[in-house]
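Here is model17.pdb, consisting of PDB, C-alpha atoms:
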```pdb
ATOM      1  CA  MET A  14     -44.823  12.059   0.708
ATOM      2  CA  SER A  15     -46.851  12.840  -2.354
ATOM      3  CA  SER A  16     -46.157  11.195  -5.683
ATOM      4  CA  SER A  17     -45.090  14.519  -7.251
ATOM      5  CA  TYR A  18     -42.185  14.971  -4.808
ATOM      6  CA  ILE A  19     -38.756  14.662  -6.418
ATOM      7  CA  PRO A  20     -35.684  15.095  -4.181
ATOM      8  CA  ALA A  21     -33.366  17.996  -5.055
ATOM      9  CA  LEU A  22     -30.296  15.774  -5.467
ATOM     10  CA  LYS A  23     -32.180  13.416  -7.796
ATOM     11  CA  THR A  24     -33.265  16.399  -9.896
ATOM     12  CA  GLN A  25     -29.640  17.567 -10.028
ATOM     13  CA  TYR A  26     -28.567  14.066 -11.107
ATOM     14  CA  LEU A  27     -31.155  13.862 -13.889
ATOM     15  CA  GLU A  28     -30.708  17.412 -15.209
ATOM     16  CA  GLN A  29     -26.959  18.055 -14.764
ATOM     17  CA  VAL A  30     -24.909  15.028 -13.680
ATOM     18  CA  PHE A  31     -26.376  12.441 -16.087
ATOM     19  CA  PRO A  32     -25.771  14.542 -19.238
ATOM     20  CA  ALA A  33     -22.313  15.604 -18.013
ATOM     21  CA  LEU A  34     -21.252  11.990 -17.368
ATOM     22  CA  LYS A  35     -22.679  10.832 -20.693
ATOM     23  CA  GLU A  36     -20.745  13.527 -22.556
ATOM     24  CA  SER A  37     -17.445  13.283 -20.644
ATOM     25  CA  ARG A  38     -17.230   9.485 -20.843
ATOM     26  CA  GLY A  39     -18.707   9.188 -24.352
ATOM     27  CA  TYR A  40     -21.392   6.662 -23.463
ATOM     28  CA  LYS A  41     -23.620   5.615 -26.363
ATOM     29  CA  ASN A  42     -26.236   3.827 -24.249
ATOM     30  CA  PRO A  43     -27.915   5.727 -21.364
ATOM     31  CA  HIS A  44     -27.797   2.564 -19.248
ATOM     32  CA  GLN A  45     -23.988   2.782 -19.212
ATOM     33  CA  VAL A  46     -24.105   6.050 -17.252
ATOM     34  CA  PRO A  47     -23.361   5.315 -13.568
ATOM     35  CA  GLY A  48     -26.069   5.939 -11.003
ATOM     36  CA  LEU A  49     -26.813   5.280  -7.360
ATOM     37  CA  VAL A  50     -28.249   1.960  -6.193
ATOM     38  CA  LYS A  51     -28.489   2.269  -2.407
ATOM     39  CA  VAL A  52     -26.982   3.759   0.724
ATOM     40  CA  ALA A  53     -26.237   1.425   3.641
ATOM     41  CA  ILE A  54     -25.757   2.842   7.135
ATOM     42  CA  ASN A  55     -24.131   0.465   9.625
ATOM     43  CA  SER A  56     -23.397   1.037  13.305
ATOM     44  CA  GLY A  57     -21.734  -1.479  15.577
ATOM     45  CA  PHE A  58     -21.992  -0.509  19.237
ATOM     46  CA  GLY A  59     -20.728  -3.659  20.927
ATOM     47  CA  THR A  60     -21.863  -5.250  24.141
ATOM     48  CA  ASP A  61     -21.371  -2.444  26.655
ATOM     49  CA  LEU A  62     -24.784  -0.766  26.193
ATOM     50  CA  ASP A  63     -27.848  -1.556  28.260
ATOM     51  CA  LYS A  64     -31.381  -1.851  26.846
ATOM     52  CA  ASN A  65     -32.235   1.824  27.369
ATOM     53  CA  GLN A  66     -29.045   3.010  25.667
ATOM     54  CA  ILE A  67     -29.655   0.632  22.750
ATOM     55  CA  ALA A  68     -33.184   1.987  22.396
ATOM     56  CA  ASP A  69     -31.825   5.568  22.352
ATOM     57  CA  VAL A  70     -29.252   4.707  19.680
ATOM     58  CA  LEU A  71     -31.874   2.949  17.538
ATOM     59  CA  LYS A  72     -34.190   5.955  17.880
ATOM     60  CA  ASP A  73     -31.400   8.353  16.857
ATOM     61  CA  LEU A  74     -30.416   6.155  13.896
ATOM     62  CA  ALA A  75     -34.057   6.019  12.792
ATOM     63  CA  THR A  76     -34.265   9.817  13.040
ATOM     64  CA  ILE A  77     -31.142  10.255  10.911
ATOM     65  CA  ALA A  78     -32.042   7.653   8.287
ATOM     66  CA  GLY A  79     -35.780   8.263   8.135
ATOM     67  CA  GLN A  80     -36.650   4.602   8.610
ATOM     68  CA  LYS A  81     -36.431   1.997  11.339
ATOM     69  CA  PRO A  82     -33.042   0.260  11.655
ATOM     70  CA  VAL A  83     -32.628  -3.508  11.748
ATOM     71  CA  THR A  84     -30.729  -4.795  14.773
ATOM     72  CA  ALA A  85     -27.731  -7.088  14.353
ATOM     73  CA  LYS A  86     -27.387  -9.850  16.937
ATOM     74  CA  ALA A  87     -24.385 -11.934  17.932
ATOM     75  CA  ARG A  88     -24.356 -15.306  16.198
ATOM     76  CA  LYS A  89     -22.414 -17.130  18.877
ATOM     77  CA  SER A  90     -21.216 -16.609  22.425
ATOM     78  CA  VAL A  91     -17.626 -15.533  23.109
ATOM     79  CA  ALA A  92     -16.699 -15.493  26.783
ATOM     80  CA  ASN A  93     -13.555 -13.365  26.361
ATOM     81  CA  PHE A  94     -15.638 -10.530  24.889
ATOM     82  CA  LYS A  95     -18.551 -10.966  27.351
ATOM     83  CA  LEU A  96     -20.719 -11.694  24.335
ATOM     84  CA  ARG A  97     -23.807 -13.903  24.446
ATOM     85  CA  GLN A  98     -25.590 -15.446  21.491
ATOM     86  CA  GLY A  99     -28.560 -13.310  20.440
ATOM     87  CA  GLN A 100     -27.261 -10.161  22.152
ATOM     88  CA  ILE A 101     -27.758  -6.947  20.132
ATOM     89  CA  VAL A 102     -24.364  -5.649  18.957
ATOM     90  CA  GLY A 103     -25.279  -3.255  16.141
ATOM     91  CA  ALA A 104     -27.867  -1.894  13.740
ATOM     92  CA  HIS A 105     -28.100  -1.147  10.036
ATOM     93  CA  VAL A 106     -30.376   0.646   7.596
ATOM     94  CA  THR A 107     -30.528   0.347   3.808
ATOM     95  CA  LEU A 108     -31.923   3.365   1.971
ATOM     96  CA  ARG A 109     -33.186   3.282  -1.609
ATOM     97  CA  GLY A 110     -35.243   5.604  -3.770
ATOM     98  CA  ASP A 111     -36.230   9.069  -2.551
ATOM     99  CA  SER A 112     -35.085   8.456   1.030
ATOM    100  CA  MET A 113     -31.598   7.632  -0.307
ATOM    101  CA  TRP A 114     -31.446  10.879  -2.296
ATOM    102  CA  ASP A 115     -32.694  12.930   0.674
ATOM    103  CA  PHE A 116     -30.185  11.366   3.069
ATOM    104  CA  LEU A 117     -27.255  11.953   0.700
ATOM    105  CA  TYR A 118     -28.288  15.570   0.200
ATOM    106  CA  ARG A 119     -28.400  16.147   3.977
ATOM    107  CA  LEU A 120     -25.077  14.340   4.412
ATOM    108  CA  MET A 121     -23.199  16.316   1.748
ATOM    109  CA  THR A 122     -24.682  19.773   2.280
ATOM    110  CA  VAL A 123     -25.448  19.921   6.002
ATOM    111  CA  ALA A 124     -23.744  17.220   8.079
ATOM    112  CA  LEU A 125     -20.235  16.915   6.617
ATOM    113  CA  PRO A 126     -19.514  20.671   6.458
ATOM    114  CA  THR A 127     -20.344  21.025  10.181
ATOM    115  CA  ILE A 128     -17.414  18.810  11.179
ATOM    116  CA  ARG A 129     -14.765  20.874  12.914
ATOM    117  CA  ASP A 130     -11.677  21.538  10.743
ATOM    118  CA  PHE A 131     -13.337  19.744   7.816
ATOM    119  CA  ARG A 132     -11.062  19.605   4.780
ATOM    120  CA  GLY A 133     -12.987  17.110   2.684
ATOM    121  CA  VAL A 134     -13.472  13.362   2.632
ATOM    122  CA  ALA A 135     -10.970  10.833   1.311
ATOM    123  CA  THR A 136     -11.061  10.093  -2.419
ATOM    124  CA  ARG A 137     -10.442   6.349  -2.097
ATOM    125  CA  LEU A 138     -13.149   4.010  -3.409
ATOM    126  CA  ASP A 139     -13.355   0.212  -3.092
ATOM    127  CA  GLY A 140     -12.201  -0.762  -6.594
ATOM    128  CA  LYS A 141     -15.717  -1.286  -7.956
ATOM    129  CA  GLY A 142     -17.037   2.278  -7.834
ATOM    130  CA  ASN A 143     -18.559   2.119  -4.337
ATOM    131  CA  TYR A 144     -17.680   4.577  -1.584
ATOM    132  CA  THR A 145     -17.589   4.124   2.191
ATOM    133  CA  ILE A 146     -17.165   6.918   4.704
ATOM    134  CA  GLY A 147     -16.869   6.578   8.458
ATOM    135  CA  ILE A 148     -18.569   9.083  10.753
ATOM    136  CA  THR A 149     -17.114   9.118  14.270
ATOM    137  CA  ASP A 150     -19.890  11.166  15.892
ATOM    138  CA  TYR A 151     -23.477  10.999  14.676
ATOM    139  CA  SER A 152     -24.400  14.275  16.399
ATOM    140  CA  ILE A 153     -23.204  16.180  13.292
ATOM    141  CA  PHE A 154     -26.684  15.639  11.864
ATOM    142  CA  PRO A 155     -29.042  18.500  12.738
ATOM    143  CA  GLU A 156     -31.879  16.090  13.583
ATOM    144  CA  ILE A 157     -29.985  14.957  16.682
ATOM    145  CA  SER A 158     -30.197  17.142  19.766
ATOM    146  CA  VAL A 159     -26.728  17.283  21.336
ATOM    147  CA  GLU A 160     -28.216  17.690  24.831
ATOM    148  CA  ASN A 161     -29.919  14.282  24.594
ATOM    149  CA  VAL A 162     -26.805  12.389  23.424
ATOM    150  CA  LYS A 163     -25.442  10.371  26.339
ATOM    151  CA  ARG A 164     -22.774   8.489  24.413
ATOM    152  CA  THR A 165     -21.259   9.359  21.064
ATOM    153  CA  LEU A 166     -21.408   6.619  18.489
ATOM    154  CA  GLY A 167     -20.183   6.427  14.958
ATOM    155  CA  PHE A 168     -21.327   4.606  11.886
ATOM    156  CA  ASP A 169     -20.249   3.699   8.377
ATOM    157  CA  ILE A 170     -22.066   4.966   5.316
ATOM    158  CA  THR A 171     -21.630   2.953   2.116
ATOM    159  CA  ILE A 172     -22.796   4.454  -1.170
ATOM    160  CA  VAL A 173     -23.323   1.711  -3.759
ATOM    161  CA  THR A 174     -23.183   2.835  -7.395
ATOM    162  CA  THR A 175     -23.481   1.168 -10.786
ATOM    163  CA  ALA A 176     -20.048   2.504 -11.779
ATOM    164  CA  GLU A 177     -17.636  -0.051 -13.210
ATOM    165  CA  THR A 178     -14.443   1.676 -12.051
ATOM    166  CA  ASP A 179     -13.329   3.954  -9.227
ATOM    167  CA  ASP A 180     -12.814   6.854 -11.639
ATOM    168  CA  GLU A 181     -16.430   6.659 -12.814
ATOM    169  CA  GLY A 182     -17.702   6.413  -9.235
ATOM    170  CA  ARG A 183     -15.520   9.298  -8.065
ATOM    171  CA  GLU A 184     -16.680  11.483 -10.971
ATOM    172  CA  LEU A 185     -20.323  10.625 -10.251
ATOM    173  CA  LEU A 186     -20.019  11.471  -6.561
ATOM    174  CA  SER A 187     -18.028  14.664  -7.139
ATOM    175  CA  LEU A 188     -20.603  15.906  -9.680
ATOM    176  CA  LEU A 189     -23.330  15.176  -7.119
ATOM    177  CA  GLY A 190     -21.461  17.386  -4.632
ATOM    178  CA  MET A 191     -19.448  15.012  -2.442
ATOM    179  CA  PRO A 192     -16.823  17.248  -0.795
ATOM    180  CA  PHE A 193     -13.711  15.279  -1.722
ATOM    181  CA  ARG A 194     -10.368  16.351  -0.291
ATOM    182  CA  ARG A 195      -8.245  18.380  -2.666
ATOM    183  CA  PRO A 196      -4.766  17.005  -3.359
ATOM    184  CA  GLU A 197      -2.133  19.075  -1.610
ATOM    185  CA  PRO A 198       0.477  20.747  -3.831
ATOM    186  CA  ALA A 199       3.954  19.280  -3.627
ATOM    187  CA  GLN A 200       6.295  21.154  -1.278
ATOM    188  CA  ALA A 201       9.596  22.366  -2.741
ATOM    189  CA  ALA A 202      12.574  21.226  -0.673
TER     190      ALA A 202
END
```

Structure re-expressed in structure tokens:
Amino acid sequence: MSSSYIPALKTQYLEQVFPALKESRGYKNPHQVPGLVKVAINSGFGTDLDKNQIADVLKDLATIAGQKPVTAKARKSVANFKLRQGQIVGAHVTLRGDSMWDFLYRLMTVALPTIRDFRGVATRLDGKGNYTIGITDYSIFPEISVENVKRTLGFDITIVTTAETDDEGRELLSLLGMPFRRPEPAQAA
């Protein structure tokens, strides 16, 4: 990537979201305005995959994230789970900078809306302004060819923000375009 490249979502944040948050919350200092720190993608696939299947999953995760995932290995053996120490049981990727902005843009505008019967994502944050969403099938991303997927796997996506409260984090993400679920109107009895 050239040095003049600025992701579309980052441009939207700087030109629209940042001023809107500063005005709506009445921040005096620009450093008080919440922003994004990183996006962590975590997939745990257990012990039932062989080496070739693990390699395929790692390749698909690298294609989705845009960088090579780090494998997570079992720390100790557990006979009841057929788990051996050092066995690969998952993978994770941490995105920062432009790759984080690009991934979030693809997630919010392309991947999430392709989910069948999609009505929005939950509005619940973790209490500190961070948001985690679980994806049950990674083939919703257009980079993944459905014909080559032998086993569907899911992963968790955690968006870490500098927001102090859930309300700030929710407002930041909704202004960026996160398709939050609309509250349903109360039914009259």

Given the PyMOL selection byres ((chain A and resi 117-123) around 8) and the file above, list the residues it selects as a compact mmCIF listing (two decimals) with C-alpha atoms, keeping the file's coordinate frame.
```
# COMPACT_ATOMS: atom_id res chain seq x y z
CA ALA A 21 -33.37 18.00 -5.06
CA LEU A 22 -30.30 15.77 -5.47
CA MET A 113 -31.60 7.63 -0.31
CA TRP A 114 -31.45 10.88 -2.30
CA ASP A 115 -32.69 12.93 0.67
CA PHE A 116 -30.18 11.37 3.07
CA ALA A 124 -23.74 17.22 8.08
CA LEU A 125 -20.24 16.92 6.62
CA PRO A 126 -19.51 20.67 6.46
CA THR A 127 -20.34 21.02 10.18
CA PHE A 154 -26.68 15.64 11.86
CA PRO A 155 -29.04 18.50 12.74
CA GLY A 190 -21.46 17.39 -4.63
CA MET A 191 -19.45 15.01 -2.44
CA PRO A 192 -16.82 17.25 -0.80
```

Problem set entry | Separation of atom CA of A:Glu156 from atom CA of A:Leu62, in Å and rounded to one decimal |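 Pair atom CA of A:Glu156 / atom CA of A:Leu62 returns 22.2 Å.
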
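Closest approach to A:Val91 from the set A:Arg129, A:Ser37, A:Val106, A:Thr60 is made by A:Thr60, with distances taken over all atoms listed in the file.
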
Problem set entry | Length of the atom CA of A:Thr107 to atom CA of A:Tyr26 vector [Å] | 20.4 Å

Problem set entry | Counting all atoms listed in the file, the option among A:Ile157, A:Gln25, A:Arg109, A:Arg132 closest to A:Ala75 | A:Ile157

For this session: Would you mind telling me which residue in A:Glu36, A:Asp150, A:Glu184, A:Glu177 lies nearest to A:Thr165 when using all atoms listed in the file?
Result: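 Ranked by minimum distance to A:Thr165, first place goes to A:Asp150.
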
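Reported to one decimal place, the separation of atom CA of A:Phe193 from atom CA of A:Tyr40 is 24.6 Å.
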
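The point (-28.4, -0.2, 24.3) has these residues within 12 Å of it, counting all atoms listed in the file: Gly57, Phe58, Gly59, Thr60, Asp61, Leu62, Asp63, Lys64, Asn65, Gln66, Ile67, Ala68, Asp69, Val70, Leu71, Lys72, Asp73, Thr84, Gln100, Ile101, Val102, Gly103, Ala104, Lys163, Arg164 and Leu166 of chain A.
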
Exercise. Got a sec to resolve the PyMOL selection byres ((chain A and resi 98) around 9) on this structure and send the residues as a PyMOL selection string?
Worked result: chain A and resi 86-91+96-97+99-101

Exercise. Quick one: residues within 6 Å of A:Ala176, all atoms listed in the file counted, chain neighbours fewer than 5 positions away excluded, as number ranges by chain?
Worked result: A: 47, 142, 181-182

Can you spit out stretch 81-144 of chain A with C-alpha atoms, as a compact mmCIF listing (two decimals), in the first residue's frame, from the structure just given?
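part.txt was written with the following content:
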```txt
# COMPACT_ATOMS: atom_id res chain seq x y z
CA LYS A 81 -1.06 -14.23 9.00
CA PRO A 82 -2.82 -15.60 12.10
CA VAL A 83 -0.98 -16.75 15.21
CA THR A 84 -1.80 -20.30 16.29
CA ALA A 85 -2.91 -21.04 19.84
CA LYS A 86 -1.60 -24.28 21.34
CA ALA A 87 -2.85 -26.31 24.28
CA ARG A 88 -0.92 -25.55 27.46
CA LYS A 89 -1.46 -28.92 29.08
CA SER A 90 -2.75 -32.37 28.21
CA VAL A 91 -6.30 -33.38 29.13
CA ALA A 92 -7.09 -37.02 28.44
CA ASN A 93 -10.89 -36.64 28.66
CA PHE A 94 -10.82 -34.12 25.79
CA LYS A 95 -8.20 -36.04 23.74
CA LEU A 96 -6.00 -32.98 24.07
CA ARG A 97 -2.21 -33.10 24.05
CA GLN A 98 0.15 -30.38 25.20
CA GLY A 99 1.34 -28.29 22.25
CA GLN A 100 -1.55 -29.32 19.99
CA ILE A 101 -2.99 -26.48 17.88
CA VAL A 102 -6.51 -25.64 19.11
CA GLY A 103 -7.14 -22.18 17.66
CA ALA A 104 -5.81 -19.08 15.95
CA HIS A 105 -6.03 -15.33 16.42
CA VAL A 106 -5.21 -12.13 14.56
CA THR A 107 -4.89 -8.59 15.92
CA LEU A 108 -5.50 -5.81 13.40
CA ARG A 109 -4.41 -2.21 13.91
CA GLY A 110 -4.06 0.82 11.68
CA ASP A 111 -5.27 0.75 8.07
CA SER A 112 -5.86 -3.01 8.03
CA MET A 113 -8.22 -2.59 11.01
CA TRP A 114 -10.22 0.11 9.22
CA ASP A 115 -10.40 -1.94 6.00
CA PHE A 116 -11.55 -5.07 7.83
CA LEU A 117 -14.27 -3.20 9.74
CA TYR A 118 -15.52 -1.60 6.53
CA ARG A 119 -15.77 -5.01 4.82
CA LEU A 120 -17.44 -6.49 7.91
CA MET A 121 -20.10 -3.79 8.26
CA THR A 122 -20.90 -3.12 4.61
CA VAL A 123 -20.37 -6.47 2.89
CA ALA A 124 -20.20 -9.46 5.25
CA LEU A 125 -22.89 -8.79 7.88
CA PRO A 126 -25.65 -7.79 5.42
CA THR A 127 -25.19 -11.07 3.51
CA ILE A 128 -26.30 -13.13 6.51
CA ARG A 129 -29.66 -14.71 5.82
CA ASP A 130 -32.56 -13.04 7.69
CA PHE A 131 -30.15 -10.44 9.10
CA ARG A 132 -31.92 -8.01 11.42
CA GLY A 133 -28.90 -6.32 12.96
CA VAL A 134 -26.33 -7.17 15.60
CA ALA A 135 -26.90 -7.03 19.35
CA THR A 136 -26.39 -3.67 21.06
CA ARG A 137 -24.73 -5.07 24.19
CA LEU A 138 -21.16 -3.94 24.93
CA ASP A 139 -18.80 -5.20 27.65
CA GLY A 140 -19.16 -2.35 30.15
CA LYS A 141 -15.99 -0.55 29.06
CA GLY A 142 -16.97 0.50 25.54
CA ASN A 143 -15.65 -2.58 23.71
CA TYR A 144 -17.80 -4.71 21.42
```
